[in-house]
Amino acid sequence: MALRNKFVAGNWKMHLSVAEGVALVTELRALLDGVAGVRVAVAPAFTAIHPVADALRGSLVEIGGQNVHWEKQGAFTGEVSPEMLVEAGATCAIVGHSERRQLFGETDEGVRKRARAALDAGLTPIVCVGETLAERDAGRTLEVVGAQVRAGLEGFDANDLAKLAIAYEPVWAIGTGRTATSAQAQEVHAAIRAILRELVGDAADCVPIQYGGSVKPENAAELMAQPDVDGALVGGASLSAASFAAIVRAARDAV
Ligand SMILES: O=C(CO)COP(=O)(O)O
């Protein structure tokens with residue numbers, strides 16, 4: 001699968017102060033010295049993006065926002081624009097995380113607008129999709145995830161898709177210690193790839209699809225050995241430089 005590099009991103013969520021974040025990436029860049037062929041990013045809280053970017057200057061580790069608004073500026077209290085993220089040093093932005101959808105009412109339409117604006121500003125959107133446990137138990141996983149993918153990417157062409165990533169994060173696996181099996185992940189990733197192929201043909205093969213949900217050094221290699229699992233979006237295990245670096249190495253080795 002030389003068509004796409006593995007892409008591993010750490011979502012720090014509402015964790016780590018500026019000092020803790022800077023210390024973590026200082027250790028991380030040393031641990032990843034010489035590790036090539038994998039795209040790596042960390043997504044700190046907004047307040048830590050600039051200092052963490054400074055601490056990563058000259059390293060291959062990139063910075064992401066945990067969310068991004070679609071307007072450039074204006075009366076949108078609590079939001080951050082794509083241009084602001086770029087200025088602070090970010091190169092990517094998570095959009096549509098299940099915590100945003102479930103706790104803060106974000107919709108597929110908003111996710112699409114955030115992804116569009118991120119792309120237009122030169123950021124790589126990481127578009128998150130995933131089913132709840134009730135939806136999986138009802139046999140609706142592919143229907144729910146498929147609908148999120150189609151709605152979130154409506155109007156996007158092959159050029160756009162070449163510049164974004166998708167993260168499949170089953171809600172029941174996030175922060176629970178309960179990982180999808182590699183076969184469960186592969187099934188959904190392959191279904192997402194099939195939808196992308198319907199939308200943009202062979203360009204679908206270039207889109208990295210990350211898996212997220214209790215990814216740890218112990219399960220990363222098996223997950224990423226699946227043909228359509230192109231990396232990981234890591235929560236808890238990204239809060240330690242050693243475990244995040246181990247997951248990055250697993251991605252590098254799982255060609
Ligand atoms: O939500 C996640 C990443 O965005 C996954 O979180 P955990 O790795 O802590 O399960």
# chains A, B, ... in the order shown; residues from 1 in each chain; ligands from 1
>>> residues_near_ligand(ligand="ligand 1", cutoff="8 Å", atoms="only C-alpha atoms and all ligand atoms", output="PyMOL selection string")
chain A and resi 10-13+97-99+169+171+173-177+179+212-216+233-238
>>> write_last_selection(atoms="N, CA and C atoms", output="PDB file, in the first residue's frame")
ATOM      1  N   GLY A  10      -2.173  12.268  17.729  1.00  0.00           N
ATOM      2  CA  GLY A  10      -2.515  12.197  19.147  1.00  0.00           C
ATOM      3  C   GLY A  10      -3.507  13.298  19.474  1.00  0.00           C
ATOM      4  N   ASN A  11      -4.672  12.905  19.977  1.00  0.00           N
ATOM      5  CA  ASN A  11      -5.685  13.870  20.389  1.00  0.00           C
ATOM      6  C   ASN A  11      -5.583  14.009  21.905  1.00  0.00           C
ATOM      7  N   TRP A  12      -5.026  15.124  22.339  1.00  0.00           N
ATOM      8  CA  TRP A  12      -4.803  15.309  23.779  1.00  0.00           C
ATOM      9  C   TRP A  12      -6.087  15.667  24.525  1.00  0.00           C
ATOM     10  N   LYS A  13      -7.157  15.959  23.792  1.00  0.00           N
ATOM     11  CA  LYS A  13      -8.429  16.367  24.403  1.00  0.00           C
ATOM     12  C   LYS A  13      -8.161  17.494  25.419  1.00  0.00           C
ATOM     13  N   HIS A  97     -15.288  15.117  15.861  1.00  0.00           N
ATOM     14  CA  HIS A  97     -15.031  14.098  16.883  1.00  0.00           C
ATOM     15  C   HIS A  97     -16.340  13.740  17.582  1.00  0.00           C
ATOM     16  N   SER A  98     -16.496  12.495  17.997  1.00  0.00           N
ATOM     17  CA  SER A  98     -17.779  12.071  18.590  1.00  0.00           C
ATOM     18  C   SER A  98     -18.100  12.857  19.855  1.00  0.00           C
ATOM     19  N   GLU A  99     -17.045  13.315  20.571  1.00  0.00           N
ATOM     20  CA  GLU A  99     -17.326  14.126  21.768  1.00  0.00           C
ATOM     21  C   GLU A  99     -17.933  15.467  21.360  1.00  0.00           C
ATOM     22  N   GLU A 169     -13.798   6.069  14.496  1.00  0.00           N
ATOM     23  CA  GLU A 169     -13.714   5.906  15.949  1.00  0.00           C
ATOM     24  C   GLU A 169     -15.053   5.386  16.474  1.00  0.00           C
ATOM     25  N   VAL A 171     -17.698   4.801  18.933  1.00  0.00           N
ATOM     26  CA  VAL A 171     -17.876   5.540  20.191  1.00  0.00           C
ATOM     27  C   VAL A 171     -17.685   4.632  21.405  1.00  0.00           C
ATOM     28  N   ALA A 173     -15.641   2.367  21.839  1.00  0.00           N
ATOM     29  CA  ALA A 173     -14.238   1.990  22.061  1.00  0.00           C
ATOM     30  C   ALA A 173     -13.403   3.163  22.572  1.00  0.00           C
ATOM     31  N   ILE A 174     -14.016   4.351  22.663  1.00  0.00           N
ATOM     32  CA  ILE A 174     -13.249   5.540  23.038  1.00  0.00           C
ATOM     33  C   ILE A 174     -13.143   5.645  24.551  1.00  0.00           C
ATOM     34  N   GLY A 175     -11.923   5.581  25.042  1.00  0.00           N
ATOM     35  CA  GLY A 175     -11.682   5.767  26.467  1.00  0.00           C
ATOM     36  C   GLY A 175     -12.210   4.639  27.333  1.00  0.00           C
ATOM     37  N   THR A 176     -12.602   3.530  26.715  1.00  0.00           N
ATOM     38  CA  THR A 176     -13.212   2.438  27.469  1.00  0.00           C
ATOM     39  C   THR A 176     -12.255   1.280  27.683  1.00  0.00           C
ATOM     40  N   GLY A 177     -11.137   1.294  26.977  1.00  0.00           N
ATOM     41  CA  GLY A 177     -10.230   0.159  27.033  1.00  0.00           C
ATOM     42  C   GLY A 177     -10.715  -0.989  26.160  1.00  0.00           C
ATOM     43  N   THR A 179     -11.164  -2.085  22.613  1.00  0.00           N
ATOM     44  CA  THR A 179     -10.793  -1.782  21.221  1.00  0.00           C
ATOM     45  C   THR A 179     -11.652  -2.607  20.277  1.00  0.00           C
ATOM     46  N   GLY A 212      -9.478   4.843  15.605  1.00  0.00           N
ATOM     47  CA  GLY A 212      -9.337   5.427  16.933  1.00  0.00           C
ATOM     48  C   GLY A 212     -10.262   4.755  17.918  1.00  0.00           C
ATOM     49  N   GLY A 213      -9.785   4.584  19.148  1.00  0.00           N
ATOM     50  CA  GLY A 213     -10.592   3.955  20.189  1.00  0.00           C
ATOM     51  C   GLY A 213      -9.731   2.966  20.953  1.00  0.00           C
ATOM     52  N   SER A 214      -9.158   3.448  22.075  1.00  0.00           N
ATOM     53  CA  SER A 214      -8.324   2.599  22.939  1.00  0.00           C
ATOM     54  C   SER A 214      -7.133   1.979  22.205  1.00  0.00           C
ATOM     55  N   VAL A 215      -6.536   2.731  21.269  1.00  0.00           N
ATOM     56  CA  VAL A 215      -5.298   2.263  20.632  1.00  0.00           C
ATOM     57  C   VAL A 215      -4.160   2.395  21.636  1.00  0.00           C
ATOM     58  N   LYS A 216      -3.394   1.330  21.769  1.00  0.00           N
ATOM     59  CA  LYS A 216      -2.274   1.264  22.714  1.00  0.00           C
ATOM     60  C   LYS A 216      -1.095   0.628  21.999  1.00  0.00           C
ATOM     61  N   LEU A 233      -5.826   7.457  15.435  1.00  0.00           N
ATOM     62  CA  LEU A 233      -6.103   8.691  16.165  1.00  0.00           C
ATOM     63  C   LEU A 233      -6.164   8.267  17.634  1.00  0.00           C
ATOM     64  N   VAL A 234      -5.164   8.701  18.382  1.00  0.00           N
ATOM     65  CA  VAL A 234      -4.899   8.147  19.710  1.00  0.00           C
ATOM     66  C   VAL A 234      -5.279   9.161  20.781  1.00  0.00           C
ATOM     67  N   GLY A 235      -6.084   8.747  21.747  1.00  0.00           N
ATOM     68  CA  GLY A 235      -6.417   9.621  22.863  1.00  0.00           C
ATOM     69  C   GLY A 235      -5.481   9.376  24.027  1.00  0.00           C
ATOM     70  N   GLY A 236      -5.936   8.579  25.002  1.00  0.00           N
ATOM     71  CA  GLY A 236      -5.207   8.367  26.251  1.00  0.00           C
ATOM     72  C   GLY A 236      -3.734   8.024  26.080  1.00  0.00           C
ATOM     73  N   ALA A 237      -3.430   7.138  25.143  1.00  0.00           N
ATOM     74  CA  ALA A 237      -2.033   6.699  24.985  1.00  0.00           C
ATOM     75  C   ALA A 237      -1.151   7.762  24.335  1.00  0.00           C
ATOM     76  N   SER A 238      -1.753   8.861  23.879  1.00  0.00           N
ATOM     77  CA  SER A 238      -0.917   9.941  23.322  1.00  0.00           C
ATOM     78  C   SER A 238      -0.455  10.898  24.418  1.00  0.00           C
TER      79      SER A 238
END
>>> closest_atom_pairs(of="segment 120-169 of chain A", to="segment 201-207 of chain A", cutoff="12 Å", atoms="only C-alpha atoms", output="Markdown table")
| residue | atom | partner | partner_atom | distance |
| --- | --- | --- | --- | --- |
| A:Thr124 | CA | A:Val207 | CA | 11.1 |
| A:Pro125 | CA | A:Val207 | CA | 11.4 |
| A:Ile126 | CA | A:Val207 | CA | 10.5 |
| A:Val127 | CA | A:Val207 | CA | 11.2 |
| A:Phe156 | CA | A:Ala203 | CA | 11.9 |
| A:Asp157 | CA | A:Ala203 | CA | 9.3 |
| A:Ala158 | CA | A:Ala203 | CA | 5.9 |
| A:Asn159 | CA | A:Ala203 | CA | 8.3 |
| A:Asp160 | CA | A:Ala203 | CA | 10.0 |
| A:Leu161 | CA | A:Val207 | CA | 6.4 |
| A:Ala162 | CA | A:Val207 | CA | 6.1 |
| A:Lys163 | CA | A:Val207 | CA | 7.8 |
| A:Leu164 | CA | A:Val207 | CA | 6.7 |
| A:Ala165 | CA | A:Val207 | CA | 5.8 |
| A:Ile166 | CA | A:Val207 | CA | 7.5 |
| A:Ala167 | CA | A:Val207 | CA | 10.5 |
>>> write_last_selection(atoms="C-alpha atoms", output="compact mmCIF listing (two decimals), in the first residue's frame")
# COMPACT_ATOMS: atom_id res chain seq x y z
CA THR A 124 -5.51 18.62 6.64
CA PRO A 125 -8.94 17.90 8.13
CA ILE A 126 -9.20 14.65 10.08
CA VAL A 127 -12.89 13.89 9.66
CA PHE A 156 -15.73 17.22 -2.08
CA ASP A 157 -13.79 16.17 -5.19
CA ALA A 158 -10.71 14.00 -5.74
CA ASN A 159 -8.42 16.99 -5.15
CA ASP A 160 -10.03 17.68 -1.79
CA LEU A 161 -9.88 14.04 -0.72
CA ALA A 162 -6.19 13.90 -1.56
CA LYS A 163 -5.68 16.43 1.24
CA LEU A 164 -7.77 15.00 4.03
CA ALA A 165 -7.88 12.04 6.38
CA ILE A 166 -10.76 10.13 7.90
CA ALA A 167 -10.78 8.68 11.41
>>> atom_distance(atom1="atom CA of Ser182 of chain A", atom2="atom CA of Ala250 of chain A")
14.3 Å
>>> residues_around(residues="Val188 of chain A", least_positions_apart="4", cutoff="12 Å", atoms="only C-alpha atoms", output="ChimeraX atom specification")
/A:129-131,136,140-146,149,166-170,180-184,192-195,209-211,226-229
>>> residues_around(residues="Ala36 of chain A", least_positions_apart="4", cutoff="9 Å", atoms="only C-alpha atoms", output="list of chain:residue names")
A:Leu32, A:Leu60, A:Arg252
>>> closest_residue(among="A:Gly65, A:Gly74, A:Pro51, A:Gly89", to="Arg114 of chain A", atoms="only C-alpha atoms")
A:Gly65
>>> select_by_dssp(residues="segment 126-242 of chain A", states="alpha helix (DSSP H)", output="ChimeraX atom specification")
/A:133-137,141-152,158-161,182-200,217-224,241-242
>>> atom_distance(atom1="atom CA of Pro217 of chain A", atom2="atom CA of Ser243 of chain A")
6.0 Å
>>> select_by_dssp(residues="segment 17-179 of chain A", states="strand (DSSP E or B)", output="number ranges by chain")
A: 38-43, 62-65, 92-95, 124-129, 165-168
>>> write_last_selection(atoms="N, CA and C atoms", output="compact mmCIF listing (two decimals), in the first residue's frame")
# COMPACT_ATOMS: atom_id res chain seq x y z
N VAL A 38 6.28 7.95 8.29
CA VAL A 38 4.97 8.02 8.94
C VAL A 38 4.66 9.49 9.18
N ARG A 39 3.44 9.90 8.87
CA ARG A 39 3.03 11.26 9.23
C ARG A 39 2.58 11.24 10.68
N VAL A 40 3.08 12.19 11.47
CA VAL A 40 2.78 12.21 12.91
C VAL A 40 2.31 13.61 13.31
N ALA A 41 1.25 13.67 14.10
CA ALA A 41 0.78 14.97 14.60
C ALA A 41 0.29 14.83 16.03
N VAL A 42 0.34 15.93 16.77
CA VAL A 42 -0.31 15.99 18.08
C VAL A 42 -1.29 17.16 18.07
N ALA A 43 -2.42 16.97 18.76
CA ALA A 43 -3.43 18.02 18.82
C ALA A 43 -3.63 18.46 20.27
N GLU A 62 3.94 17.13 13.49
CA GLU A 62 3.08 18.26 13.17
C GLU A 62 2.11 18.55 14.30
N ILE A 63 1.43 19.68 14.18
CA ILE A 63 0.46 20.11 15.19
C ILE A 63 -0.93 20.17 14.57
N GLY A 64 -1.93 19.77 15.34
CA GLY A 64 -3.29 19.89 14.87
C GLY A 64 -4.16 20.61 15.87
N GLY A 65 -5.26 21.20 15.38
CA GLY A 65 -6.30 21.70 16.27
C GLY A 65 -7.27 20.56 16.57
N CYS A 92 -2.97 20.58 10.63
CA CYS A 92 -4.17 19.74 10.49
C CYS A 92 -5.19 20.11 11.56
N ALA A 93 -6.40 19.59 11.41
CA ALA A 93 -7.45 19.88 12.39
C ALA A 93 -8.43 18.72 12.43
N ILE A 94 -8.71 18.25 13.64
CA ILE A 94 -9.73 17.22 13.84
C ILE A 94 -11.10 17.89 13.68
N VAL A 95 -11.99 17.26 12.95
CA VAL A 95 -13.36 17.78 12.87
C VAL A 95 -14.36 16.64 13.09
N THR A 124 -4.98 19.96 6.90
CA THR A 124 -5.51 18.62 6.64
C THR A 124 -6.64 18.34 7.63
N PRO A 125 -7.89 18.27 7.17
CA PRO A 125 -8.94 17.90 8.13
C PRO A 125 -8.87 16.41 8.42
N ILE A 126 -9.05 16.05 9.69
CA ILE A 126 -9.20 14.65 10.08
C ILE A 126 -10.67 14.50 10.43
N VAL A 127 -11.44 13.94 9.51
CA VAL A 127 -12.89 13.89 9.66
C VAL A 127 -13.27 12.61 10.41
N CYS A 128 -13.85 12.79 11.61
CA CYS A 128 -14.15 11.64 12.48
C CYS A 128 -15.56 11.13 12.26
N VAL A 129 -15.68 9.82 12.21
CA VAL A 129 -16.98 9.16 12.09
C VAL A 129 -16.98 7.96 13.03
N ALA A 165 -7.93 13.37 5.78
CA ALA A 165 -7.88 12.04 6.38
C ALA A 165 -9.22 11.79 7.05
N ILE A 166 -9.55 10.51 7.20
CA ILE A 166 -10.76 10.13 7.90
C ILE A 166 -10.34 9.33 9.13
N ALA A 167 -11.04 9.51 10.23
CA ALA A 167 -10.78 8.68 11.41
C ALA A 167 -12.06 7.92 11.75
N TYR A 168 -11.96 6.59 11.75
CA TYR A 168 -13.08 5.77 12.21
C TYR A 168 -12.89 5.51 13.69
>>> atom_distance(atom1="atom CA of Val86 of chain A", atom2="atom CA of Leu56 of chain A")
14.7 Å
>>> closest_residue(among="A:Leu153, A:Leu133, A:Ala241, A:Ala191", to="Trp172 of chain A", atoms="only C-alpha atoms")
A:Leu133
